[in-house]
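**Q** Please find one structure pasted underneath; my questions will follow.
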Amino acid sequence: MATHPDSLQHAVALRYASGDAAPVVVARGQGMVADEIIRRAHEAGIFVHESPQLVALLMQVNLDARIPPALYVAVAELLAWIYRVETAGSTAPPTTADAEPQAAEPTE
């Protein structure tokens, strides 16, 4: 989820299961659509992470498409952090290194 003062809120939902080649964009949108994505995630108990830079890059990925290789490291760092939070039962904020994964620009 990302909020920009001069623009609408944006949200992207990813699906990833063990054995998948890469995470897949299953929902993305802005404004009311973004609000609905976030609301449904909260209702389902799915973790919502705010990362404007990563969301901006993921908004460029088509629905039902795998994320591009250029984003693998950034998304993997985020998924690893979420896994650690869920298995530890802690909601403590990530460390500085984990808080904002660095993402390269996707290539076509």
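Identifiers in this document derive from the order of the structure tokens: chains are assigned A, B, ..., residues are numbered from 1 separately in each chain, and ligands are numbered from 1 in order of occurrence.
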Would you list, as a ChimeraX atom specification, the residues of region 10-54 of chain A that end up in helix (DSSP H, G or I) under DSSP run on this structure's backbone?
**A** /A:32-43,52-54
**Q** Env of Ala11 (chain A): 12 Å cut, atoms = only C-alpha atoms, seq-sep filter 3 positions within chain, self excluded. Answer as a ChimeraX atom specification.
**A** /A:1-4,8,14,25-41,48-60
**Q** Nearest to Tyr83 (chain A) among A:Ile46, A:Leu71, A:Asn62, A:Ala13, with distances taken over only C-alpha atoms: which residue is it?
**A** A:Ile46
**Q** How far is it from CA of Thr87 (chain A) to CA of Gly45 (chain A), in Å with one decimal?
**A**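 That distance, rounded to one decimal, is 14.4 Å.
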**Q** To one decimal place in Å, what is the distance between CA of Ile82 (chain A) and CA of Phe47 (chain A)?
**A**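 Straight-line distance from CA of Ile82 (chain A) to CA of Phe47 (chain A) works out to 7.5 Å.
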